[in-house]
>>> print(open('coords-v9.csv').read())   # CSV, C-alpha atoms
chain,number,residue,atom,x,y,z
L,281,MET,CA,0.1,12.9,-10.8
L,282,GLY,CA,-3.0,14.6,-12.1
L,283,LYS,CA,-4.9,11.3,-12.5
L,284,ALA,CA,-8.3,10.9,-11.0
L,285,PRO,CA,-8.5,8.6,-8.0
L,286,CYS,CA,-10.1,5.1,-8.3
L,287,ALA,CA,-12.9,6.5,-6.2
L,288,GLN,CA,-14.2,8.4,-9.2
L,289,GLU,CA,-16.1,11.2,-7.5
L,290,THR,CA,-14.2,14.5,-7.8
L,291,ARG,CA,-12.8,15.8,-4.6
L,292,THR,CA,-12.2,19.5,-4.4
L,293,GLU,CA,-11.2,19.0,-0.8
L,294,MET,CA,-10.7,15.7,0.9
L,295,SER,CA,-13.2,15.2,3.7
L,296,ARG,CA,-11.5,11.9,4.6
L,297,PRO,CA,-8.0,10.8,4.4
L,298,PRO,CA,-7.0,9.2,1.1
L,299,ALA,CA,-7.5,5.5,0.8
L,300,VAL,CA,-4.1,4.0,-0.2
L,301,VAL,CA,-2.8,0.6,-1.2
L,302,LEU,CA,0.8,0.1,0.0
L,303,ASP,CA,2.8,-2.7,-1.5
L,304,THR,CA,4.7,-5.1,0.8
L,305,ASN,CA,8.1,-3.5,0.3
L,306,VAL,CA,6.8,0.0,1.1
L,307,VAL,CA,5.2,-1.2,4.3
L,308,LEU,CA,8.2,-3.2,5.3
L,309,SER,CA,10.5,-0.2,4.7
L,310,ALA,CA,8.3,2.1,6.7
L,311,LEU,CA,8.2,-0.4,9.6
L,312,LEU,CA,11.7,-1.6,9.6
L,313,PHE,CA,13.6,1.7,9.1
L,314,GLY,CA,12.1,4.1,11.7
L,315,LYS,CA,14.5,6.8,10.8
L,316,GLY,CA,14.6,6.0,7.1
L,317,ARG,CA,13.2,7.8,4.1
L,318,LEU,CA,9.7,6.3,4.6
L,319,ALA,CA,9.4,7.0,8.4
L,320,GLY,CA,6.9,9.7,7.4
L,321,LEU,CA,4.6,7.2,5.8
L,322,ARG,CA,4.4,5.1,9.0
L,323,GLN,CA,3.5,8.3,10.9
L,324,ALA,CA,0.9,9.2,8.2
L,325,TRP,CA,-1.1,6.0,8.7
L,326,GLN,CA,-0.7,6.1,12.5
L,327,LYS,CA,-1.9,9.7,12.7
L,328,GLY,CA,-4.8,9.1,10.3
L,329,HIS,CA,-3.4,11.2,7.4
L,330,CYS,CA,-4.1,8.2,5.1
L,331,GLN,CA,-6.2,5.1,5.2
L,332,PRO,CA,-4.3,1.9,4.2
L,333,LEU,CA,-6.4,-0.8,2.5
L,334,VAL,CA,-5.6,-4.5,2.8
L,335,SER,CA,-7.2,-7.7,1.6
L,336,ARG,CA,-6.7,-11.3,2.5
L,337,PRO,CA,-4.2,-11.8,-0.3
L,338,THR,CA,-2.1,-8.6,0.4
L,339,VAL,CA,-1.9,-9.4,4.1
L,340,ALA,CA,-0.8,-13.0,3.2
L,341,GLU,CA,2.0,-11.5,1.0
L,342,PHE,CA,3.1,-9.3,3.9
L,343,VAL,CA,3.1,-12.2,6.4
L,344,ARG,CA,4.9,-14.3,3.8
L,345,ALA,CA,7.7,-11.7,3.6
L,346,LEU,CA,8.3,-11.1,7.3
L,347,PRO,CA,10.3,-14.3,8.0
L,348,TYR,CA,12.8,-13.6,5.1
L,349,PRO,CA,16.3,-14.2,6.5
L,350,LYS,CA,17.4,-10.7,5.3
L,351,PHE,CA,15.1,-9.1,7.8
L,352,ASP,CA,16.4,-11.3,10.7
L,353,LEU,CA,13.1,-10.9,12.6
L,354,SER,CA,12.1,-13.1,15.5
L,355,PRO,CA,8.5,-14.2,15.7
L,356,ASP,CA,7.9,-11.6,18.4
L,357,ASP,CA,9.4,-8.9,16.1
L,358,GLN,CA,7.1,-10.1,13.3
L,359,HIS,CA,4.0,-9.9,15.5
L,360,GLU,CA,5.1,-6.4,16.7
L,361,LEU,CA,5.3,-5.2,13.1
L,362,LEU,CA,1.9,-6.6,12.2
L,363,ALA,CA,0.5,-4.8,15.3
L,364,ASP,CA,2.1,-1.5,14.1
L,365,TYR,CA,0.3,-1.8,10.7
L,366,LEU,CA,-2.8,-3.9,10.6
L,367,PRO,CA,-4.9,-2.1,13.3
L,368,PHE,CA,-4.6,1.1,11.1
L,369,CYS,CA,-5.9,-0.7,8.0
L,370,THR,CA,-9.3,-1.1,6.5
L,371,THR,CA,-9.9,-4.6,5.2
L,372,VAL,CA,-11.6,-4.9,1.8
L,373,ARG,CA,-13.5,-8.1,1.0
L,374,MET,CA,-12.5,-9.2,-2.5
L,375,PRO,CA,-15.2,-10.5,-4.9
L,376,SER,CA,-15.0,-14.1,-6.1
L,377,ALA,CA,-14.5,-12.7,-9.7
L,378,PRO,CA,-11.4,-10.5,-9.7
L,379,PRO,CA,-11.7,-7.1,-11.4
L,380,GLN,CA,-10.0,-6.3,-14.6
L,381,THR,CA,-6.5,-4.9,-14.2
L,382,PRO,CA,-3.6,-4.4,-16.6
L,383,THR,CA,-1.3,-7.4,-17.0
L,384,CYS,CA,1.6,-7.3,-14.6
L,385,ARG,CA,4.7,-9.5,-14.8
L,386,ASP,CA,4.8,-10.5,-11.1
L,387,PRO,CA,1.7,-12.5,-10.0
L,388,PHE,CA,2.1,-11.2,-6.5
L,389,ASP,CA,1.6,-7.6,-7.7
L,390,ARG,CA,-1.8,-8.5,-9.2
L,391,SER,CA,-3.5,-8.7,-5.7
L,392,PHE,CA,-2.4,-5.1,-5.0
L,393,LEU,CA,-3.8,-3.8,-8.3
L,394,GLU,CA,-7.1,-5.7,-7.7
L,395,LEU,CA,-7.3,-4.3,-4.1
L,396,ALA,CA,-6.9,-0.8,-5.5
L,397,VAL,CA,-9.8,-1.2,-7.9
L,398,VAL,CA,-12.2,-3.0,-5.5
L,399,GLY,CA,-11.3,-0.8,-2.5
L,400,LYS,CA,-11.6,2.4,-4.7
L,401,ALA,CA,-8.2,3.5,-3.6
L,402,ASP,CA,-7.0,7.0,-4.3
L,403,TYR,CA,-3.4,5.8,-4.6
L,404,LEU,CA,-1.4,2.7,-5.1
L,405,VAL,CA,2.0,3.3,-3.6
L,406,THR,CA,4.9,1.2,-4.8
L,407,GLY,CA,8.6,1.3,-5.6
L,408,ASP,CA,8.2,-1.6,-8.1
L,409,LYS,CA,9.1,-0.5,-11.5
L,410,ASP,CA,6.8,-3.0,-13.2
L,411,VAL,CA,3.8,-1.6,-11.3
L,412,LEU,CA,4.9,2.0,-11.8
L,413,ALA,CA,5.0,1.3,-15.5
L,414,LEU,CA,1.2,0.7,-15.4
L,415,ALA,CA,0.4,4.2,-14.1
L,416,GLN,CA,-0.9,5.4,-17.5
L,417,ARG,CA,-3.2,2.4,-17.9
L,418,PHE,CA,-4.6,2.2,-14.4
L,419,ALA,CA,-7.8,3.6,-12.8
L,420,CYS,CA,-6.0,5.4,-9.9
L,421,SER,CA,-2.7,7.1,-9.3
L,422,ILE,CA,0.2,4.7,-9.0
L,423,VAL,CA,3.0,6.6,-7.3
L,424,THR,CA,6.3,6.1,-5.5
L,425,PRO,CA,6.4,6.5,-1.7
L,426,GLU,CA,8.1,9.9,-2.1
L,427,GLN,CA,5.5,11.1,-4.5
L,428,PHE,CA,2.7,10.0,-2.1
L,429,LEU,CA,4.3,11.7,0.9
L,430,SER,CA,4.6,14.9,-1.2
L,431,GLU,CA,0.9,14.6,-2.2
L,432,LEU,CA,-0.1,14.4,1.5
L,433,ARG,CA,1.6,17.8,2.1
L,434,LEU,CA,2.1,17.1,5.8
L,435,PRO,CA,3.7,19.7,8.1
>>> encode(input="coords-v9.csv", output="structure tokens")
Amino acid sequence: MGKAPCAQETRTEMSRPPAVVLDTNVVLSALLFGKGRLAGLRQAWQKGHCQPLVSRPTVAEFVRALPYPKFDLSPDDQHELLADYLPFCTTVRMPSAPPQTPTCRDPFDRSFLELAVVGKADYLVTGDKDVLALAQRFACSIVTPEQFLSELRLP
């Protein structure tokens, strides 16, 4: 990792949990597969070991993905998943003029990059290869879920 967080002040020790932008697929995996490889991520946000950031566009993307047939979620299941995530998040108000971010192929990824900049995120967590490819050109650390969990160093 080694890259400075978006929140440019140096942190010799974190006095607060790291602010993190989680892409939709990461959140869905953590919520849908309670015994899966990302179960620790869900526990991390629920126990306050990290502070997920959301914006109106990123929540809209999450809500848009919930009814996908492959998830086979009833409306009640969808509401339950929202309730297991959103109350733990900090909402970031996005400016009318979006910040500069590297160009990304998928337009849905742009809102996560913008949120990381505006929210001064310490990490953007994704499994998306296109977003991970931007890591060297982005203001904060772009990492995989596994890398992020390793960085948290939870017991």
>>> atom_distance(input="coords-v9.csv", atom1="atom CA of Thr424 of chain L", atom2="atom CA of Pro355 of chain L")
29.4 Å
>>> closest_atom_pairs(input="coords-v9.csv", of="segment 316-348 of chain L", to="segment 378-388 of chain L", cutoff="9 Å", atoms="all atoms listed in the file", output="JSON lines")
{"residue": "L:Pro337", "atom": "CA", "partner": "L:Phe388", "partner_atom": "CA", "distance": 8.9}
{"residue": "L:Thr338", "atom": "CA", "partner": "L:Phe388", "partner_atom": "CA", "distance": 8.5}
{"residue": "L:Glu341", "atom": "CA", "partner": "L:Phe388", "partner_atom": "CA", "distance": 7.5}
>>> atom_distance(input="coords-v9.csv", atom1="atom CA of Asp364 of chain L", atom2="atom CA of Lys350 of chain L")
19.9 Å
>>> atom_distance(input="coords-v9.csv", atom1="atom CA of Leu366 of chain L", atom2="atom CA of Leu302 of chain L")
11.9 Å
>>> residues_around(input="coords-v9.csv", residues="Glu431 of chain L", least_positions_apart="2", cutoff="12 Å", atoms="only C-alpha atoms", output="NGL selection string")
:L and (281-282 or 297-298 or 300 or 321 or 324 or 329-330 or 402-403 or 405 or 421 or 423-429 or 433-435)
>>> residues_near_point(input="coords-v9.csv", point="(-2.3, 0.1, -11.5)", cutoff="8 Å", atoms="all atoms listed in the file", output="ChimeraX atom specification")
/L:381-382,393,396,404,411-412,414-415,417-422
>>> closest_residue(input="coords-v9.csv", among="L:Ala363, L:Ala345, L:Ala319, L:Leu333", to="Thr304 of chain L", atoms="all atoms listed in the file")
L:Ala345
